[in-house]
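Just below is one structure, and these are the notes that go with it.
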Amino acid sequence: CTAYQSSLSASTIINQINSSKPIIAGFVSGLSGHMILVRGYSEGASYFTISYMDPATATYRTTQIATDGTITFHEGNKTFTNTCYIRLN
């Protein structure tokens with residue numbers, strides 16, 4: 001696997017998913033941490049959305065990616081923002 005300490009570009013996410021290589025994303029919120037598994041994407045002229053599985057709730061969800069590549073999602077009363085990615089080779 002390959003670890004990154006920064007946001008991934010949309011093209012990197014697309015290439016990984018199209019190569020059947022899901023992405024594990026790590027997040028922090030204050031002293032709490034969390035991980036999700038990015039498993040798909042959807043893109044248009046003005047948006048880029050990922051589909052992910054949240055292992056804490058065993059649910060599939062979607063969220064839009066910011067133009068700087070940052071992924072943010074909400075779990076209960078916490079907001080998580082990515083801090084690293086692990087690409088599965």
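Going through the structure tokens in order, the chains are called A, B, and so on, while each chain numbers its residues from 1 and the ligands are numbered from 1 in the order shown.
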Fill in: Neighbour list for segment 53-70 of chain A as number ranges by chain, cut-off 8 Å, only C-alpha atoms, skip fewer than 4 positions in-chain
A: 7-10, 35-39, 47-49, 81-82
Given the selection you just returned, output its residues as a file containing N, CA and C atoms, formatted as a PDB file, in the first residue's frame.
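So again27.pdb came out as:
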```pdb
ATOM      1  N   SER A   7      -4.075  15.566   0.908  1.00  0.00           N
ATOM      2  CA  SER A   7      -5.245  15.278   0.087  1.00  0.00           C
ATOM      3  C   SER A   7      -4.838  14.676  -1.244  1.00  0.00           C
ATOM      4  N   LEU A   8      -5.709  13.848  -1.800  1.00  0.00           N
ATOM      5  CA  LEU A   8      -5.498  13.262  -3.119  1.00  0.00           C
ATOM      6  C   LEU A   8      -6.294  14.041  -4.156  1.00  0.00           C
ATOM      7  N   SER A   9      -5.760  14.125  -5.350  1.00  0.00           N
ATOM      8  CA  SER A   9      -6.478  14.800  -6.429  1.00  0.00           C
ATOM      9  C   SER A   9      -7.631  13.922  -6.899  1.00  0.00           C
ATOM     10  N   ALA A  10      -8.589  14.551  -7.552  1.00  0.00           N
ATOM     11  CA  ALA A  10      -9.708  13.800  -8.114  1.00  0.00           C
ATOM     12  C   ALA A  10      -9.202  12.757  -9.102  1.00  0.00           C
ATOM     13  N   MET A  35     -11.834   6.315  10.289  1.00  0.00           N
ATOM     14  CA  MET A  35     -11.428   5.918   8.946  1.00  0.00           C
ATOM     15  C   MET A  35     -12.658   5.536   8.145  1.00  0.00           C
ATOM     16  N   ILE A  36     -12.560   5.716   6.829  1.00  0.00           N
ATOM     17  CA  ILE A  36     -13.609   5.259   5.917  1.00  0.00           C
ATOM     18  C   ILE A  36     -12.942   4.563   4.734  1.00  0.00           C
ATOM     19  N   LEU A  37     -13.720   3.838   3.965  1.00  0.00           N
ATOM     20  CA  LEU A  37     -13.245   3.178   2.760  1.00  0.00           C
ATOM     21  C   LEU A  37     -13.926   3.820   1.550  1.00  0.00           C
ATOM     22  N   VAL A  38     -13.151   4.538   0.745  1.00  0.00           N
ATOM     23  CA  VAL A  38     -13.684   5.173  -0.469  1.00  0.00           C
ATOM     24  C   VAL A  38     -13.821   4.092  -1.526  1.00  0.00           C
ATOM     25  N   ARG A  39     -15.032   3.932  -2.086  1.00  0.00           N
ATOM     26  CA  ARG A  39     -15.291   2.821  -2.995  1.00  0.00           C
ATOM     27  C   ARG A  39     -15.832   3.234  -4.354  1.00  0.00           C
ATOM     28  N   TYR A  47     -18.936  19.417  -9.778  1.00  0.00           N
ATOM     29  CA  TYR A  47     -18.856  18.658  -8.532  1.00  0.00           C
ATOM     30  C   TYR A  47     -18.025  17.391  -8.709  1.00  0.00           C
ATOM     31  N   PHE A  48     -17.548  16.880  -7.586  1.00  0.00           N
ATOM     32  CA  PHE A  48     -16.888  15.584  -7.519  1.00  0.00           C
ATOM     33  C   PHE A  48     -17.332  14.963  -6.203  1.00  0.00           C
ATOM     34  N   THR A  49     -18.002  13.841  -6.282  1.00  0.00           N
ATOM     35  CA  THR A  49     -18.575  13.189  -5.117  1.00  0.00           C
ATOM     36  C   THR A  49     -17.970  11.806  -4.967  1.00  0.00           C
ATOM     37  N   THR A  81     -12.348  15.726   9.129  1.00  0.00           N
ATOM     38  CA  THR A  81     -11.678  16.200   7.915  1.00  0.00           C
ATOM     39  C   THR A  81     -10.444  15.336   7.705  1.00  0.00           C
ATOM     40  N   ASN A  82     -10.227  14.910   6.437  1.00  0.00           N
ATOM     41  CA  ASN A  82      -9.139  13.965   6.178  1.00  0.00           C
ATOM     42  C   ASN A  82      -7.777  14.510   6.587  1.00  0.00           C
TER      43      ASN A  82
END
```
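Interatomic distance, atom CA of Ser20 of chain A to atom CA of Gly44 of chain A: 21.0 Å.
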Worksheet item: Using only C-alpha atoms, which of the listed residues (A:Ser51, A:Thr79, A:Asn15, A:Ser42) sits closest to Phe27 of chain A?
Response: A:Thr79
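Atom CA of Gly76 of chain A to atom CA of Gly26 of chain A spans 17.2 Å [interatomic distance, one decimal].
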